[in-house]
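**Student:** Just dropping this structure here.
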Amino acid sequence: MKLSRIVSNQNGVSRKRANALIATGRVSVNGKVCRNPQHDVSEFCGVTADGDVIQQARPSLYLMLNKPVGYLSATFDDTHPTVLELFPPDLKHDLHIGGRLDRASTGLLILTNDGNWSRRLTEPEIKIPKVYLVTTEQPIAEETHRRFSEGIWFEYEQLTTSPAQIEVLQEREARVTIYEGRYHQVKRMFHAVGNRVTSLHRERMGEIRLNEELSPGQYRTLTAAEIASV
C-alpha cells in the first residue's frame, strides 16, 4: 500500500494532509524518515507520524511443516484436527496455508503470514514445480507417462492440466511433478488413467525441499535462500 494511503487511512486525515506530513519529514518507515508519498509499504513495516504509531511493525513468518496424515489443511474444522493445531497459539492465528494437502496426504506444507509471497508460490501461471512421491493401487501402466505429459482433461473445470512428469520407481510407486496444484490433482490424474492413489507425499515446491529430518508434525523456519527462491 502507498505510504500516503496508510497515513491517511490510519491517522484520520485527508490525503492532502497526509502528503504534507510526509513531504515535511514527519513520517518514518521502520525508523527512517520517508518523504515519498508513493513509497510502497508492506503490511510488516512499522509507520509513525510525529512519533505516533500509525502501523505496528510485525515479523514475517515463513514455515515448513512435515504434515502428518489425518490433519486438514484448514484454519478451523468442527470434526477433524487442522494443521494449525500443530503450532503454538501465538503463531497460528497469523498463518495461512500456501498450497494445501488433503487429510490423507503427507509431507511438505508451507505456512506464512505473507499473502503476496504465498500467491507467487501457488499461482498456476507461475508454474512452480510441485513434486510428490506416489503409491498406487494398481501397477503403473506404460501409457501413464504419455497421458500425463499430454495433460489430463478435467471435466469439472473444463480444462486440460499442464504437462506433468512421472518417474516410475517401482511397479506401484512413482515420483510425479506437476505445475499447478488443482483440487486433488494428482489423485484425479491417476484416476483418469484407471488407477488409484493409495498414498501421496509432497517432497518439494520449487526450490523448497522437505527436510526429512523433521518428524511428522514438526516444523521449522524457512531459510533466507528458500524464501528468496519464490
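So you can find residues: chains in the C-alpha cells are A, B, ... in the order shown, residues in each start at 1, and ligands are numbered from 1 in order.
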Per residue of range 126-225 of chain A within 10 Å of range 90-111 of chain A, what are the shortest atom pair and its distance in Å to one decimal, counting only C-alpha atoms, with rows by chain and residue number, as a tab-separated table?
**Tutor:**
residue	atom	partner	partner_atom	distance
A:Lys130	CA	A:Gly99	CA	9.6
A:Val131	CA	A:Leu108	CA	9.6
A:Tyr132	CA	A:Gly107	CA	8.7
A:Leu133	CA	A:Gly107	CA	9.4
A:Val134	CA	A:Ser105	CA	9.9
A:Glu180	CA	A:Gly99	CA	9.8
A:Gly181	CA	A:Gly99	CA	7.2
A:Arg182	CA	A:Gly99	CA	9.4
A:Tyr183	CA	A:Arg100	CA	8.9
A:His184	CA	A:Asp102	CA	7.5
A:Thr198	CA	A:Ala104	CA	9.1
A:Ser199	CA	A:Ser105	CA	6.6
A:Leu200	CA	A:Ser105	CA	5.1
A:His201	CA	A:Thr106	CA	4.7
A:Arg202	CA	A:Gly107	CA	4.7
A:Glu203	CA	A:Leu108	CA	5.8
A:Arg204	CA	A:Leu108	CA	6.6
A:Met205	CA	A:Leu108	CA	7.9
A:Ile208	CA	A:Leu108	CA	8.8
A:Arg209	CA	A:Leu108	CA	7.5
A:Leu210	CA	A:Leu108	CA	5.3
A:Asn211	CA	A:Leu108	CA	8.4
A:Glu212	CA	A:Gly107	CA	8.8
A:Leu214	CA	A:Gly107	CA	9.8
A:Ser215	CA	A:Gly107	CA	9.8
A:Pro216	CA	A:Gly107	CA	7.8
A:Gly217	CA	A:Gly107	CA	9.5
A:Tyr219	CA	A:Leu109	CA	9.2
A:Thr221	CA	A:Leu111	CA	9.7
A:Leu222	CA	A:Ile110	CA	9.1
**Student:** May I have the residues from that selection written out with N, CA and C atoms, as a short mmCIF file (atom, residue, chain, number, x, y, z; two decimals), in the first residue's frame?
**Tutor:**
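Written file, result06.cif:
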data_model
loop_
_atom_site.label_atom_id
_atom_site.label_comp_id
_atom_site.auth_asym_id
_atom_site.auth_seq_id
_atom_site.Cartn_x
_atom_site.Cartn_y
_atom_site.Cartn_z
N LYS A 130 5.83 -28.83 -8.32
CA LYS A 130 5.47 -29.47 -7.05
C LYS A 130 5.68 -30.97 -7.23
N VAL A 131 6.50 -31.55 -6.38
CA VAL A 131 6.95 -32.93 -6.56
C VAL A 131 6.36 -33.82 -5.47
N TYR A 132 5.79 -34.96 -5.90
CA TYR A 132 5.11 -35.87 -4.99
C TYR A 132 5.65 -37.29 -5.16
N LEU A 133 5.77 -37.99 -4.05
CA LEU A 133 6.03 -39.42 -4.07
C LEU A 133 4.68 -40.12 -3.93
N VAL A 134 4.36 -40.96 -4.91
CA VAL A 134 3.01 -41.52 -5.03
C VAL A 134 3.07 -43.05 -5.00
N GLU A 180 0.71 -27.02 -11.30
CA GLU A 180 -0.47 -26.22 -10.98
C GLU A 180 -0.85 -26.39 -9.51
N GLY A 181 -1.48 -27.47 -9.17
CA GLY A 181 -1.94 -27.68 -7.80
C GLY A 181 -3.45 -27.52 -7.69
N ARG A 182 -4.17 -28.11 -8.65
CA ARG A 182 -5.63 -28.05 -8.61
C ARG A 182 -6.17 -29.07 -7.61
N TYR A 183 -7.45 -28.99 -7.33
CA TYR A 183 -8.09 -29.80 -6.31
C TYR A 183 -7.83 -31.29 -6.55
N HIS A 184 -7.17 -31.96 -5.60
CA HIS A 184 -6.86 -33.39 -5.69
C HIS A 184 -6.25 -33.74 -7.04
N THR A 198 -2.94 -44.56 -3.38
CA THR A 198 -3.14 -45.04 -2.01
C THR A 198 -2.34 -44.22 -1.00
N SER A 199 -1.28 -43.55 -1.45
CA SER A 199 -0.56 -42.63 -0.57
C SER A 199 0.08 -41.53 -1.40
N LEU A 200 0.11 -40.33 -0.83
CA LEU A 200 0.63 -39.16 -1.54
C LEU A 200 1.47 -38.34 -0.56
N HIS A 201 2.73 -38.12 -0.90
CA HIS A 201 3.66 -37.43 -0.01
C HIS A 201 4.36 -36.33 -0.81
N ARG A 202 4.16 -35.06 -0.43
CA ARG A 202 4.81 -33.97 -1.17
C ARG A 202 6.24 -33.78 -0.65
N GLU A 203 7.16 -33.79 -1.60
CA GLU A 203 8.58 -33.67 -1.27
C GLU A 203 9.13 -32.27 -1.48
N ARG A 204 8.58 -31.55 -2.48
CA ARG A 204 9.22 -30.29 -2.87
C ARG A 204 8.22 -29.35 -3.51
N MET A 205 8.42 -28.03 -3.29
CA MET A 205 7.70 -26.98 -4.00
C MET A 205 8.76 -26.00 -4.49
N ILE A 208 12.10 -25.32 -2.58
CA ILE A 208 11.90 -25.63 -1.16
C ILE A 208 11.63 -27.12 -1.03
N ARG A 209 12.58 -27.80 -0.42
CA ARG A 209 12.52 -29.26 -0.29
C ARG A 209 12.26 -29.63 1.17
N LEU A 210 11.36 -30.58 1.39
CA LEU A 210 11.05 -31.01 2.74
C LEU A 210 12.30 -31.55 3.42
N ASN A 211 12.54 -31.06 4.61
CA ASN A 211 13.63 -31.59 5.43
C ASN A 211 13.13 -32.86 6.10
N GLU A 212 13.57 -34.00 5.60
CA GLU A 212 13.05 -35.27 6.08
C GLU A 212 13.49 -35.57 7.52
N LEU A 214 12.69 -33.65 9.79
CA LEU A 214 11.51 -33.23 10.54
C LEU A 214 10.57 -34.42 10.68
N SER A 215 10.23 -34.77 11.88
CA SER A 215 9.24 -35.82 12.09
C SER A 215 7.86 -35.30 11.71
N PRO A 216 6.92 -36.17 11.36
CA PRO A 216 5.56 -35.71 11.07
C PRO A 216 5.03 -34.85 12.23
N GLY A 217 4.53 -33.66 11.87
CA GLY A 217 4.02 -32.74 12.88
C GLY A 217 5.01 -31.69 13.31
N TYR A 219 7.94 -28.62 12.55
CA TYR A 219 8.11 -27.55 11.57
C TYR A 219 9.40 -26.81 11.85
N THR A 221 11.55 -22.86 10.45
CA THR A 221 11.52 -21.63 9.67
C THR A 221 12.28 -21.84 8.36
N LEU A 222 11.76 -21.30 7.28
CA LEU A 222 12.46 -21.36 6.00
C LEU A 222 13.73 -20.53 6.06
#
**Student:** Using only C-alpha atoms, which residues sit within 7 Å of Ser149 in chain A once same-chain residues fewer than 5 positions away are excluded, as a list in words?
**Tutor:** Pro163, Ala164 and Gln165 of chain A
**Student:** Please, which residues of range 20-228 of chain A, numbered as in this document, come out helix (DSSP H, G or I) from DSSP, as a PyMOL selection string?
**Tutor:** chain A and resi 20-23+83-86+89-92+115-122+143-150+185-192+224-228
**Student:** As an exercise, work out the distance from CA of Asp114 in chain A to CA of Glu226 in chain A in Å and give it to one decimal place.
**Tutor:**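 Value for the CA of Asp114 in chain A-CA of Glu226 in chain A distance: 14.2 Å.
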**Student:** Using only C-alpha atoms, pick whichever of A:Gly151, A:Pro81, A:Pro139, A:Gly206 has the shortest atom-to-atom distance to Gly194 in chain A.
**Tutor:**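 Comparing A:Gly151, A:Pro81, A:Pro139, A:Gly206 against Gly194 in chain A, the winner is A:Pro139.
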**Student:** Considering only C-alpha atoms, can you say which of A:Gln138, A:Met64, A:Leu3, A:Arg119 comes closest to Gly46 in chain A?
**Tutor:**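 The closest residue to Gly46 in chain A is A:Leu3.
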**Student:** Separation of CA of Lys2 in chain A and CA of Leu61 in chain A, in Å?
**Tutor:**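 Those two atoms sit 22.3 Å apart.
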**Student:** For CA of Gly70 in chain A and CA of Glu157 in chain A, quote the distance in Å rounded to one decimal.
**Tutor:** 27.1 Å
**Student:** Just want the 8 Å neighbourhood of range 34-40 of chain A, counted on only C-alpha atoms, with same-chain residues fewer than 6 positions away dropped. Output as a PDB file with C-alpha atoms, in the first residue's frame.
**Tutor:**
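Here's the written file around.pdb:
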ATOM      1  CA  MET A   1       0.000   0.000   0.000  1.00  0.00           C
ATOM      2  CA  LYS A   2       1.231   3.539  -0.725  1.00  0.00           C
ATOM      3  CA  LEU A   3       2.553   5.435   2.284  1.00  0.00           C
ATOM      4  CA  SER A   4       0.151   8.344   1.794  1.00  0.00           C
ATOM      5  CA  ASN A  19       1.122  14.101   1.718  1.00  0.00           C
ATOM      6  CA  ILE A  22       5.270  13.004   4.537  1.00  0.00           C
ATOM      7  CA  ALA A  23       6.856  15.816   2.490  1.00  0.00           C
ATOM      8  CA  THR A  24       7.947  17.704   5.626  1.00  0.00           C
ATOM      9  CA  GLY A  25       9.754  14.661   7.033  1.00  0.00           C
ATOM     10  CA  VAL A  27       6.645  10.313   8.763  1.00  0.00           C
ATOM     11  CA  SER A  28       9.027   7.378   9.269  1.00  0.00           C
TER      12      SER A  28
END
**Student:** Name the residues of range 25-158 of chain A that come out as strand (DSSP E) in a backbone DSSP run; write them as a count of residues only.
**Tutor:** 37
**Student:** Fewer than 5 positions away in the same chain doesn't count, so skip those; otherwise give me all residues within 10 Å of Arg147 in chain A, counting only C-alpha atoms, as a ChimeraX atom specification.
**Tutor:** /A:142,152-153,163-165,189-190,192-193
**Student:** At a cut-off of 7 Å, using only C-alpha atoms, what residues contact Tyr179 in chain A? Leave out same-chain residues fewer than 4 positions from it and give the result as an MDAnalysis selection string.
**Tutor:** chainID A and resid 124 127:130 162
**Student:** Give the answer as one residue: which of A:Ala141, A:Val53, A:Val176, A:Val83 has the shortest atom-to-atom distance to Lys67 in chain A, using only C-alpha atoms?
**Tutor:**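 Of A:Ala141, A:Val53, A:Val176, A:Val83, the one nearest Lys67 in chain A is A:Val83, counting only C-alpha atoms.
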